[in-house]
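Visitor: If it helps, the file is called target_12.tsv and holds TSV, C-alpha atoms:
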chain	number	residue	atom	x	y	z
A	147	MET	CA	39.10	-4.89	-178.07
A	148	THR	CA	41.31	-2.60	-176.05
A	149	GLY	CA	39.48	0.07	-174.09
A	150	PRO	CA	40.72	3.52	-173.16
A	151	ALA	CA	43.35	3.86	-170.48
A	152	GLY	CA	41.80	3.20	-167.10
A	153	GLY	CA	38.59	1.85	-168.69
A	154	GLU	CA	36.68	-1.32	-167.92
A	155	ASP	CA	38.62	-3.44	-170.45
A	156	ASP	CA	41.89	-2.42	-168.79
A	157	ASP	CA	40.46	-3.30	-165.38
A	158	LEU	CA	39.33	-6.70	-166.67
A	159	PHE	CA	42.76	-7.37	-168.15
A	160	GLU	CA	44.38	-6.45	-164.85
A	161	ALA	CA	41.99	-8.67	-162.90
A	162	SER	CA	42.57	-11.59	-165.31
A	163	SER	CA	46.35	-11.39	-164.99
A	164	PRO	CA	47.91	-13.80	-162.48
A	165	ILE	CA	49.23	-12.40	-159.21
A	166	ALA	CA	52.67	-13.34	-157.92
A	167	HIS	CA	52.48	-15.35	-154.72
A	168	GLY	CA	54.91	-17.16	-152.47
A	169	GLY	CA	55.81	-20.82	-152.85
A	170	ASN	CA	57.26	-20.59	-156.37
A	171	LEU	CA	60.64	-22.31	-156.16
A	172	ASN	CA	61.21	-22.21	-159.92
A	173	HIS	CA	61.06	-18.42	-159.72
A	174	ALA	CA	63.45	-18.48	-156.77
A	175	ARG	CA	65.94	-20.59	-158.75
A	176	ALA	CA	65.74	-18.14	-161.65
A	177	LEU	CA	66.47	-15.22	-159.32
A	178	PHE	CA	69.33	-16.99	-157.54
A	179	PRO	CA	70.75	-19.62	-159.92
A	180	GLN	CA	73.87	-20.14	-157.80
A	181	ALA	CA	72.00	-20.67	-154.53
A	182	PRO	CA	72.58	-23.97	-152.71
A	183	GLU	CA	69.94	-26.68	-152.76
A	184	PRO	CA	67.66	-27.76	-151.23
A	185	TRP	CA	65.79	-24.49	-150.97
A	186	ILE	CA	64.29	-23.40	-147.68
A	187	ASP	CA	60.93	-21.90	-148.59
A	188	LEU	CA	59.90	-19.20	-146.13
A	189	SER	CA	57.80	-17.36	-148.73
A	190	THR	CA	54.42	-18.79	-147.64
A	191	GLY	CA	52.38	-18.72	-144.46
A	192	ILE	CA	51.98	-22.50	-144.46
A	193	SER	CA	52.92	-24.46	-141.35
A	194	PRO	CA	56.08	-26.54	-141.74
A	195	TYR	CA	54.36	-29.31	-139.73
A	196	SER	CA	51.82	-31.37	-141.68
A	197	TYR	CA	49.05	-33.14	-139.82
A	198	PRO	CA	50.27	-36.73	-139.19
A	199	HIS	CA	47.35	-38.55	-140.78
A	200	PRO	CA	47.53	-42.33	-141.29
A	201	ALA	CA	47.70	-43.86	-144.75
A	202	ILE	CA	44.70	-43.06	-146.96
A	203	PRO	CA	42.87	-46.23	-148.10
A	204	GLY	CA	43.18	-46.93	-151.81
A	205	ASN	CA	39.42	-47.02	-152.39
A	206	VAL	CA	39.23	-43.34	-151.38
A	207	PHE	CA	41.12	-42.53	-154.60
A	208	ALA	CA	39.16	-45.01	-156.71
A	209	ARG	CA	35.60	-43.96	-155.88
A	210	LEU	CA	33.66	-40.74	-156.15
A	211	PRO	CA	33.39	-38.98	-152.79
A	212	GLU	CA	30.44	-40.22	-150.75
A	213	PRO	CA	27.79	-37.56	-150.02
A	214	ASN	CA	27.58	-38.84	-146.46
A	215	SER	CA	31.29	-38.09	-145.97
A	216	ALA	CA	30.77	-34.56	-147.22
A	217	CYS	CA	27.90	-34.06	-144.76
A	218	ARG	CA	30.00	-35.40	-141.88
A	219	LEU	CA	32.87	-33.07	-142.83
A	220	LYS	CA	30.50	-30.10	-142.64
A	221	GLU	CA	29.38	-31.22	-139.18
A	222	VAL	CA	32.97	-31.57	-137.95
A	223	ALA	CA	33.92	-28.23	-139.51
A	224	ALA	CA	30.97	-26.49	-137.85
A	225	ARG	CA	32.20	-27.67	-134.45
A	226	ALA	CA	35.84	-26.87	-135.16
A	227	TYR	CA	35.12	-23.36	-136.45
A	228	GLU	CA	32.18	-22.58	-134.13
A	229	ALA	CA	29.60	-22.13	-136.87
A	230	PRO	CA	25.94	-22.42	-135.79
A	231	SER	CA	25.41	-25.73	-137.63
A	232	ALA	CA	26.50	-27.85	-140.59
A	233	GLU	CA	23.89	-26.01	-142.68
A	234	HIS	CA	26.04	-22.90	-142.28
A	235	VAL	CA	29.13	-24.56	-143.81
A	236	VAL	CA	30.40	-24.84	-147.39
A	237	ALA	CA	33.27	-27.28	-147.95
A	238	ALA	CA	35.38	-26.45	-150.99
A	239	PRO	CA	38.66	-27.39	-152.70
A	240	GLY	CA	40.48	-24.51	-150.96
A	241	THR	CA	39.19	-21.05	-150.12
A	242	GLN	CA	40.79	-19.55	-153.24
A	243	ILE	CA	38.11	-21.01	-155.50
A	244	LEU	CA	35.43	-19.44	-153.30
A	245	LEU	CA	36.58	-15.82	-153.73
A	246	PRO	CA	35.13	-15.15	-157.23
A	247	ILE	CA	31.99	-17.14	-156.41
A	248	ILE	CA	31.32	-15.06	-153.29
A	249	ALA	CA	32.15	-11.78	-155.05
A	250	GLY	CA	29.76	-12.85	-157.80
A	251	LEU	CA	26.92	-12.95	-155.29
A	252	VAL	CA	27.15	-9.16	-155.33
A	253	GLY	CA	28.49	-8.35	-158.79
A	254	GLY	CA	28.40	-9.72	-162.33
A	255	PRO	CA	31.32	-10.52	-164.67
A	256	ARG	CA	32.40	-7.64	-166.92
A	257	SER	CA	33.22	-10.14	-169.65
A	258	ASP	CA	29.50	-10.77	-170.18
A	259	PRO	CA	27.82	-7.81	-171.97
A	260	ALA	CA	24.50	-8.86	-170.45
A	261	PHE	CA	25.68	-7.56	-167.08
A	262	GLY	CA	26.53	-4.11	-168.45
A	263	PRO	CA	28.79	-1.82	-166.38
A	264	ALA	CA	30.16	-2.63	-162.96
A	265	LYS	CA	27.47	-3.72	-160.50
A	266	GLY	CA	28.22	-2.09	-157.21
A	267	ARG	CA	31.36	-1.27	-155.30
A	268	ALA	CA	33.85	-3.38	-153.37
A	269	ALA	CA	36.21	-2.22	-150.64
A	270	VAL	CA	39.11	-4.28	-149.28
A	271	LEU	CA	40.87	-3.38	-146.04
A	272	SER	CA	44.48	-3.17	-147.21
A	273	PRO	CA	47.32	-3.92	-147.55
A	274	THR	CA	46.32	-7.57	-147.65
A	275	TYR	CA	46.00	-10.73	-149.74
A	276	ALA	CA	45.71	-9.46	-153.31
A	277	GLU	CA	43.32	-12.12	-154.64
A	278	HIS	CA	40.33	-10.54	-152.89
A	279	ALA	CA	40.62	-7.37	-154.96
A	280	ARG	CA	41.16	-9.36	-158.15
A	281	ALA	CA	38.08	-11.51	-157.49
A	282	ALA	CA	35.96	-8.40	-156.91
A	283	ARG	CA	37.10	-6.88	-160.22
A	284	LEU	CA	36.34	-10.11	-162.06
A	285	ALA	CA	32.85	-10.01	-160.55
A	286	GLY	CA	32.29	-6.62	-162.15
A	287	LEU	CA	32.61	-4.54	-159.01
A	288	ALA	CA	34.28	-1.16	-158.85
A	289	MET	CA	37.21	-1.72	-156.50
A	290	VAL	CA	38.85	0.41	-153.83
A	291	GLU	CA	41.61	-0.69	-151.47
A	292	THR	CA	41.62	1.29	-148.24
A	293	GLU	CA	43.34	1.41	-144.85
A	294	ASP	CA	40.27	3.08	-143.33
A	295	PHE	CA	37.96	0.50	-141.74
A	296	ASP	CA	35.05	2.96	-141.71
A	297	GLU	CA	35.18	3.25	-145.50
A	298	LEU	CA	34.11	-0.38	-145.82
A	299	ALA	CA	30.59	0.53	-144.66
A	300	SER	CA	29.82	2.32	-147.94
A	301	ALA	CA	30.64	-0.71	-150.11
A	302	ASP	CA	28.37	-3.43	-151.46
A	303	LEU	CA	31.11	-5.99	-150.86
A	304	ALA	CA	33.51	-5.39	-147.97
A	305	VAL	CA	36.53	-7.62	-147.29
A	306	VAL	CA	38.55	-7.93	-144.08
A	307	VAL	CA	41.38	-10.44	-143.67
A	308	ASN	CA	41.51	-11.18	-139.95
A	309	PRO	CA	44.21	-11.69	-138.73
A	310	ASN	CA	45.61	-9.81	-141.66
A	311	ASN	CA	48.15	-11.17	-144.11
A	312	PRO	CA	50.87	-9.89	-143.99
A	313	THR	CA	50.62	-7.35	-141.13
A	314	GLY	CA	48.79	-9.46	-138.53
A	315	ARG	CA	46.32	-6.61	-137.89
A	316	ILE	CA	43.24	-7.66	-135.88
A	317	VAL	CA	39.74	-6.21	-136.27
A	318	THR	CA	37.62	-6.85	-133.19
A	319	ARG	CA	34.50	-8.98	-133.27
A	320	LYS	CA	32.54	-5.98	-132.00
A	321	ASP	CA	33.57	-3.89	-135.02
A	322	LEU	CA	32.83	-6.77	-137.39
A	323	LEU	CA	29.37	-7.21	-135.87
A	324	ALA	CA	28.64	-3.52	-136.38
A	325	LEU	CA	29.79	-3.70	-139.99
A	326	THR	CA	27.76	-6.89	-140.55
A	327	SER	CA	24.63	-5.04	-139.43
A	328	VAL	CA	25.37	-2.23	-141.90
A	329	MET	CA	25.95	-4.67	-144.75
A	330	GLN	CA	22.77	-6.57	-143.95
A	331	ALA	CA	20.74	-3.34	-144.03
A	332	ARG	CA	22.36	-2.39	-147.36
A	333	ARG	CA	21.76	-5.90	-148.75
A	334	GLY	CA	25.51	-6.09	-149.17
A	335	LEU	CA	28.04	-8.65	-148.03
A	336	LEU	CA	30.97	-8.63	-145.62
A	337	VAL	CA	33.66	-11.25	-146.22
A	338	VAL	CA	35.94	-11.99	-143.25
A	339	ASP	CA	38.89	-14.12	-144.32
A	340	GLU	CA	40.09	-16.00	-141.22
A	341	ALA	CA	42.78	-18.03	-142.99
A	342	PHE	CA	45.15	-17.56	-140.04
A	343	MET	CA	42.61	-17.59	-137.20
A	344	ASP	CA	43.87	-20.99	-135.98
A	345	VAL	CA	47.05	-19.29	-134.71
A	346	SER	CA	45.36	-16.21	-133.28
A	347	ASP	CA	43.91	-15.30	-129.90
A	348	ALA	CA	41.30	-13.12	-131.64
A	349	GLU	CA	37.62	-14.05	-131.53
A	350	SER	CA	36.24	-15.55	-134.71
A	351	ALA	CA	33.27	-13.97	-136.49
A	352	ALA	CA	31.86	-17.43	-137.29
A	353	GLY	CA	29.15	-17.15	-134.65
A	354	LEU	CA	27.72	-14.09	-136.39
A	355	VAL	CA	26.94	-15.69	-139.76
A	356	ASP	CA	23.28	-16.43	-138.97
A	357	HIS	CA	22.65	-12.66	-139.01
A	358	GLY	CA	23.10	-12.71	-142.80
A	359	GLY	CA	25.25	-10.28	-144.76
A	360	LEU	CA	28.42	-12.12	-143.69
A	361	VAL	CA	30.69	-14.86	-145.05
A	362	VAL	CA	33.60	-16.16	-142.99
A	363	LEU	CA	36.38	-18.05	-144.77
A	364	ARG	CA	38.52	-20.67	-143.05
A	365	SER	CA	41.60	-22.27	-144.58
A	366	PHE	CA	42.54	-25.85	-143.72
A	367	GLY	CA	45.90	-26.20	-145.47
A	368	LYS	CA	47.79	-23.38	-143.77
A	369	PHE	CA	47.52	-24.42	-140.12
A	370	TYR	CA	47.48	-28.16	-140.87
A	371	GLY	CA	50.48	-27.84	-143.18
A	372	MET	CA	48.67	-29.47	-146.10
A	373	ALA	CA	48.10	-26.71	-148.65
A	374	GLY	CA	48.41	-29.21	-151.50
A	375	LEU	CA	45.36	-31.11	-150.26
A	376	ARG	CA	43.17	-28.14	-151.31
A	377	LEU	CA	40.51	-27.86	-148.64
A	378	GLY	CA	38.77	-24.80	-147.26
A	379	PHE	CA	35.44	-23.63	-145.89
A	380	ALA	CA	32.95	-20.79	-146.12
A	381	LEU	CA	30.67	-20.16	-143.14
A	382	ALA	CA	27.48	-18.26	-143.90
A	383	HIS	CA	23.70	-18.13	-143.55
A	384	PRO	CA	22.12	-21.28	-145.10
A	385	ASP	CA	20.64	-19.21	-147.95
A	386	ILE	CA	24.13	-18.02	-148.92
A	387	VAL	CA	25.53	-21.53	-148.44
A	388	ALA	CA	22.97	-22.90	-150.91
A	389	ARG	CA	23.92	-20.31	-153.55
A	390	ILE	CA	27.64	-21.06	-153.21
A	391	GLU	CA	27.17	-24.83	-153.24
A	392	ALA	CA	25.01	-24.58	-156.37
A	393	GLN	CA	27.99	-23.08	-158.20
A	394	LEU	CA	30.51	-25.56	-156.80
A	395	GLY	CA	28.41	-28.51	-157.95
A	396	PRO	CA	28.68	-32.13	-156.78
A	397	TRP	CA	31.89	-33.74	-155.49
A	398	ALA	CA	33.54	-30.37	-154.85
A	399	VAL	CA	35.88	-31.86	-152.24
A	400	SER	CA	38.02	-34.84	-153.18
A	401	GLY	CA	37.84	-38.16	-151.36
A	402	PRO	CA	41.36	-37.83	-149.88
A	403	ALA	CA	40.58	-34.31	-148.63
A	404	LEU	CA	37.38	-35.55	-146.99
A	405	HIS	CA	39.27	-38.41	-145.36
A	406	VAL	CA	42.04	-36.23	-143.92
A	407	GLY	CA	39.79	-33.30	-143.04
A	408	LEU	CA	37.40	-35.44	-141.01
A	409	GLU	CA	40.23	-36.74	-138.85
A	410	ALA	CA	42.29	-33.55	-138.52
A	411	LEU	CA	39.47	-31.16	-137.63
A	412	ALA	CA	38.31	-33.49	-134.86
A	413	ASP	CA	41.80	-33.82	-133.37
A	414	THR	CA	41.63	-31.01	-130.81
A	415	ALA	CA	44.62	-32.29	-128.83
A	416	TRP	CA	46.96	-32.05	-131.83
A	417	LYS	CA	45.64	-28.59	-132.63
A	418	ALA	CA	46.28	-27.29	-129.12
A	419	GLU	CA	49.82	-28.71	-129.08
A	420	MET	CA	50.59	-27.25	-132.50
A	421	GLN	CA	49.33	-23.80	-131.54
A	422	VAL	CA	51.84	-23.71	-128.68
A	423	LYS	CA	54.65	-25.06	-130.86
A	424	LEU	CA	54.11	-22.50	-133.61
A	425	HIS	CA	53.91	-19.67	-131.07
A	426	ASP	CA	57.25	-20.73	-129.60
A	427	GLU	CA	58.90	-21.02	-133.01
A	428	ALA	CA	57.64	-17.59	-134.08
A	429	ALA	CA	59.26	-16.20	-130.93
A	430	ARG	CA	62.47	-18.03	-131.85
A	431	LEU	CA	62.44	-16.42	-135.31
A	432	ASP	CA	61.82	-13.00	-133.74
A	433	GLY	CA	64.90	-13.50	-131.61
A	434	LEU	CA	67.07	-14.29	-134.64
A	435	LEU	CA	65.73	-11.27	-136.52
A	436	ASN	CA	66.32	-8.99	-133.55
A	437	LYS	CA	69.92	-10.22	-133.25
A	438	ALA	CA	70.36	-9.35	-136.93
A	439	GLY	CA	69.33	-5.76	-136.14
A	440	LEU	CA	65.81	-6.09	-137.55
A	441	THR	CA	62.53	-5.28	-135.84
A	442	VAL	CA	59.44	-7.38	-136.38
A	443	PHE	CA	56.58	-5.12	-137.50
A	444	GLY	CA	53.79	-7.67	-137.27
A	445	GLY	CA	52.54	-11.06	-138.45
A	446	THR	CA	51.14	-14.25	-136.92
A	447	SER	CA	52.65	-17.44	-135.53
A	448	LEU	CA	52.97	-18.71	-139.10
A	449	PHE	CA	54.85	-15.72	-140.53
A	450	ARG	CA	56.60	-12.56	-139.41
A	451	LEU	CA	56.64	-9.22	-141.21
A	452	ILE	CA	59.70	-6.98	-141.45
A	453	ARG	CA	59.09	-3.35	-142.43
A	454	ASP	CA	62.56	-1.88	-142.90
A	455	ARG	CA	64.55	0.04	-145.53
A	456	ARG	CA	66.95	-2.96	-145.57
A	457	ALA	CA	64.22	-5.45	-146.53
A	458	GLN	CA	65.45	-5.83	-150.11
A	459	SER	CA	69.03	-6.35	-148.91
A	460	LEU	CA	67.80	-9.08	-146.58
A	461	PHE	CA	65.83	-10.69	-149.40
A	462	GLN	CA	68.96	-10.81	-151.56
A	463	HIS	CA	71.16	-11.95	-148.68
A	464	LEU	CA	68.89	-14.89	-147.84
A	465	GLY	CA	68.15	-15.75	-151.46
A	466	LYS	CA	71.83	-16.21	-152.30
A	467	ARG	CA	71.93	-18.73	-149.45
A	468	GLY	CA	68.97	-20.74	-150.75
A	469	ILE	CA	66.37	-19.22	-148.45
A	470	ILE	CA	63.43	-17.59	-150.22
A	471	THR	CA	61.14	-15.09	-148.49
A	472	ARG	CA	58.12	-13.09	-149.67
A	473	ARG	CA	58.71	-9.57	-150.91
A	474	PHE	CA	56.11	-7.12	-152.23
A	475	GLU	CA	56.88	-4.99	-155.29
A	476	GLU	CA	54.41	-2.31	-154.26
A	477	ARG	CA	55.87	-2.15	-150.73
A	478	PRO	CA	59.65	-2.59	-151.03
A	479	GLU	CA	60.24	-2.08	-147.31
A	480	ASP	CA	58.05	-5.08	-146.43
A	481	LEU	CA	59.36	-8.64	-146.22
A	482	ARG	CA	57.34	-11.60	-144.95
A	483	ILE	CA	59.24	-14.52	-143.47
A	484	GLY	CA	57.65	-17.88	-142.70
A	485	LEU	CA	58.80	-20.61	-140.33
A	486	PRO	CA	61.42	-23.16	-141.41
A	487	ASP	CA	61.04	-26.86	-140.75
A	488	PRO	CA	63.32	-28.45	-138.11
A	489	TYR	CA	66.06	-29.14	-140.67
A	490	GLY	CA	66.04	-25.56	-141.91
A	491	TRP	CA	66.61	-23.75	-138.62
A	492	PRO	CA	70.44	-24.07	-138.58
A	493	ARG	CA	70.76	-22.59	-142.10
A	494	VAL	CA	68.35	-19.77	-141.27
A	495	GLU	CA	70.19	-18.98	-138.06
A	496	GLU	CA	73.56	-18.98	-139.83
A	497	ALA	CA	72.26	-16.76	-142.66
A	498	LEU	CA	70.69	-14.21	-140.30
A	499	SER	CA	73.77	-14.09	-138.11
A	500	ALA	CA	75.82	-13.21	-141.21
A	501	PHE	CA	73.51	-10.36	-142.26
A	502	ASP	CA	75.08	-6.90	-142.04
A	503	PRO	CA	72.40	-4.52	-140.72
A	504	THR	CA	74.43	-1.49	-141.84
A	505	ARG	CA	73.80	-2.35	-145.49
A	506	GLY	CA	70.77	-1.37	-147.53
Just give me the structure as structure tokens.
Guide:
Amino acid sequence: MTGPAGGEDDDLFEASSPIAHGGNLNHARALFPQAPEPWIDLSTGISPYSYPHPAIPGNVFARLPEPNSACRLKEVAARAYEAPSAEHVVAAPGTQILLPIIAGLVGGPRSDPAFGPAKGRAAVLSPTYAEHARAARLAGLAMVETEDFDELASADLAVVVNPNNPTGRIVTRKDLLALTSVMQARRGLLVVDEAFMDVSDAESAAGLVDHGGLVVLRSFGKFYGMAGLRLGFALAHPDIVARIEAQLGPWAVSGPALHVGLEALADTAWKAEMQVKLHDEAARLDGLLNKAGLTVFGGTSLFRLIRDRRAQSLFQHLGKRGIITRRFEERPEDLRIGLPDPYGWPRVEEALSAFDPTRG
């Protein structure tokens, strides 16, 4: 049944509709059918350098994941992400699957009449990753997207992406601690999405999760360049961990993901080297953009953000040359540009040097 304009049914339909994201090369080919192949995909914030893991043994694919391996992964993740203990860690097939589960800890799905009207209010510090708002709506929460950090304190579910995607904005640990205390007193929940914390100098909020009222999300695939592996983590008080794991069920993380995650998260030397490498390559991309007459507004070492009236012209210019970037329909002056792999740099440099900054 279709509800009145702006009613709950319309909100549910909007929340159920898929959101356009980066990484869709079929869509890029449809937009630029004459573009040369292979495509250079700069539309995601995924590292172009995958973790160099050895071959995965065949029996890892043939058997169900061992519970002991899952426990060891939580221990390694707790050390890598500075959580208080393995009991404070949820391992999941990517952080995306965790968003509606965590939002559901506060709300209830509108699609179920037993829950009645929206249960509570969610506030997302925006502009940011759009799936957080969608997950809150699906959980039956009244949603507001705000640029005012102080407004988050009045919500039952507050969301901060830190560092932010796509602007790179940082909220200090001190401010997050203060907000965590407010949420705990309100019996609400603060979600801090640290998907890009591995390439940031900011201080993680992971050490605060034992206070309660806080969930910290950590992505594996972005920094380790293995988004297709589908592995991510939630860090929270053990009571919250138990509620999330109950909904994930057994064998949530695949055997191959356990195998790779155990090795990669323990490899601190590779991580340190890659952090320096990505920082240097982000600076290289900044230099190319500056030479093209464009100013970098923000971002992280895995992506840069252009905020310029010529953003759409740049999107078209690069797209016709087989280089896809991430544009935002609601913010036409924004363009997010990821890092190319070593083979892509010459094409990116040539394309940017040919861009006419007087256009657009």
Visitor: If you count all atoms listed in the file, which residues fall within 12 Å of A:Glu228, apart from same-chain ones fewer than 3 positions away, as number ranges by chain?
Guide: A: 220-225, 231-232, 234-235, 343-344, 349-356, 362, 364, 381-382, 411
Visitor: So that I can check the surroundings of A:Leu210, please list as a PyMOL selection string every protein, DNA and RNA residue that reaches within 8 Å of it, counting all atoms listed in the file and ignoring chain neighbours fewer than 6 positions away.
Guide: chain A and resi 397+400-401
Visitor: Leaving out A:Phe474 and any residue of its chain fewer than 3 positions from it, which residues lie within 12 Å of it when counting only C-alpha atoms, given as an mmCIF file with C-alpha atoms, keeping the file's coordinate frame?
Guide:
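Written output follows (out_7.cif):
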data_model
loop_
_atom_site.group_PDB
_atom_site.id
_atom_site.type_symbol
_atom_site.label_atom_id
_atom_site.label_comp_id
_atom_site.auth_asym_id
_atom_site.auth_seq_id
_atom_site.Cartn_x
_atom_site.Cartn_y
_atom_site.Cartn_z
ATOM 1 C CA ILE A 165 49.230 -12.400 -159.210
ATOM 2 C CA ALA A 166 52.670 -13.340 -157.920
ATOM 3 C CA HIS A 167 52.480 -15.350 -154.720
ATOM 4 C CA GLY A 168 54.910 -17.160 -152.470
ATOM 5 C CA SER A 189 57.800 -17.360 -148.730
ATOM 6 C CA PRO A 273 47.320 -3.920 -147.550
ATOM 7 C CA THR A 274 46.320 -7.570 -147.650
ATOM 8 C CA TYR A 275 46.000 -10.730 -149.740
ATOM 9 C CA ALA A 276 45.710 -9.460 -153.310
ATOM 10 C CA PRO A 312 50.870 -9.890 -143.990
ATOM 11 C CA LEU A 451 56.640 -9.220 -141.210
ATOM 12 C CA ILE A 452 59.700 -6.980 -141.450
ATOM 13 C CA ARG A 453 59.090 -3.350 -142.430
ATOM 14 C CA ALA A 457 64.220 -5.450 -146.530
ATOM 15 C CA GLN A 458 65.450 -5.830 -150.110
ATOM 16 C CA PHE A 461 65.830 -10.690 -149.400
ATOM 17 C CA THR A 471 61.140 -15.090 -148.490
ATOM 18 C CA ARG A 477 55.870 -2.150 -150.730
ATOM 19 C CA PRO A 478 59.650 -2.590 -151.030
ATOM 20 C CA GLU A 479 60.240 -2.080 -147.310
ATOM 21 C CA ASP A 480 58.050 -5.080 -146.430
ATOM 22 C CA LEU A 481 59.360 -8.640 -146.220
ATOM 23 C CA ARG A 482 57.340 -11.600 -144.950
ATOM 24 C CA ILE A 483 59.240 -14.520 -143.470
#
Visitor: Using only C-alpha atoms, find the one residue out of A:Ile316, A:Ala216, A:Ala341, A:Leu435 that sits nearest to A:Glu496.
Guide: A:Leu435
Visitor: One decimal, in Å: what's the spacing between atom CA of A:Leu377 and atom CA of A:Ala238?
Guide: 5.8 Å
Visitor: Anything within 10 Å of (39.6, -37.9, -142.6): list those residues as a list in words, counting all atoms listed in the file and sticking to the file's coordinates.
Guide: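 The residues near that point, listed by chain and number, are His199, Pro200, Ile202, Ser215, Arg218, Leu219, Gly401, Pro402, Ala403, Leu404, His405, Val406, Gly407, Leu408, Glu409, Ala410, Leu411 and Ala412 of chain A.
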Visitor: Please, could you write that set of residues out with C-alpha atoms as a PDB file, in the coordinates of the input?
Guide:
ATOM      1  CA  HIS A 199      47.350 -38.550-140.780  1.00  0.00           C
ATOM      2  CA  PRO A 200      47.530 -42.330-141.290  1.00  0.00           C
ATOM      3  CA  ILE A 202      44.700 -43.060-146.960  1.00  0.00           C
ATOM      4  CA  SER A 215      31.290 -38.090-145.970  1.00  0.00           C
ATOM      5  CA  ARG A 218      30.000 -35.400-141.880  1.00  0.00           C
ATOM      6  CA  LEU A 219      32.870 -33.070-142.830  1.00  0.00           C
ATOM      7  CA  GLY A 401      37.840 -38.160-151.360  1.00  0.00           C
ATOM      8  CA  PRO A 402      41.360 -37.830-149.880  1.00  0.00           C
ATOM      9  CA  ALA A 403      40.580 -34.310-148.630  1.00  0.00           C
ATOM     10  CA  LEU A 404      37.380 -35.550-146.990  1.00  0.00           C
ATOM     11  CA  HIS A 405      39.270 -38.410-145.360  1.00  0.00           C
ATOM     12  CA  VAL A 406      42.040 -36.230-143.920  1.00  0.00           C
ATOM     13  CA  GLY A 407      39.790 -33.300-143.040  1.00  0.00           C
ATOM     14  CA  LEU A 408      37.400 -35.440-141.010  1.00  0.00           C
ATOM     15  CA  GLU A 409      40.230 -36.740-138.850  1.00  0.00           C
ATOM     16  CA  ALA A 410      42.290 -33.550-138.520  1.00  0.00           C
ATOM     17  CA  LEU A 411      39.470 -31.160-137.630  1.00  0.00           C
ATOM     18  CA  ALA A 412      38.310 -33.490-134.860  1.00  0.00           C
TER      19      ALA A 412
END
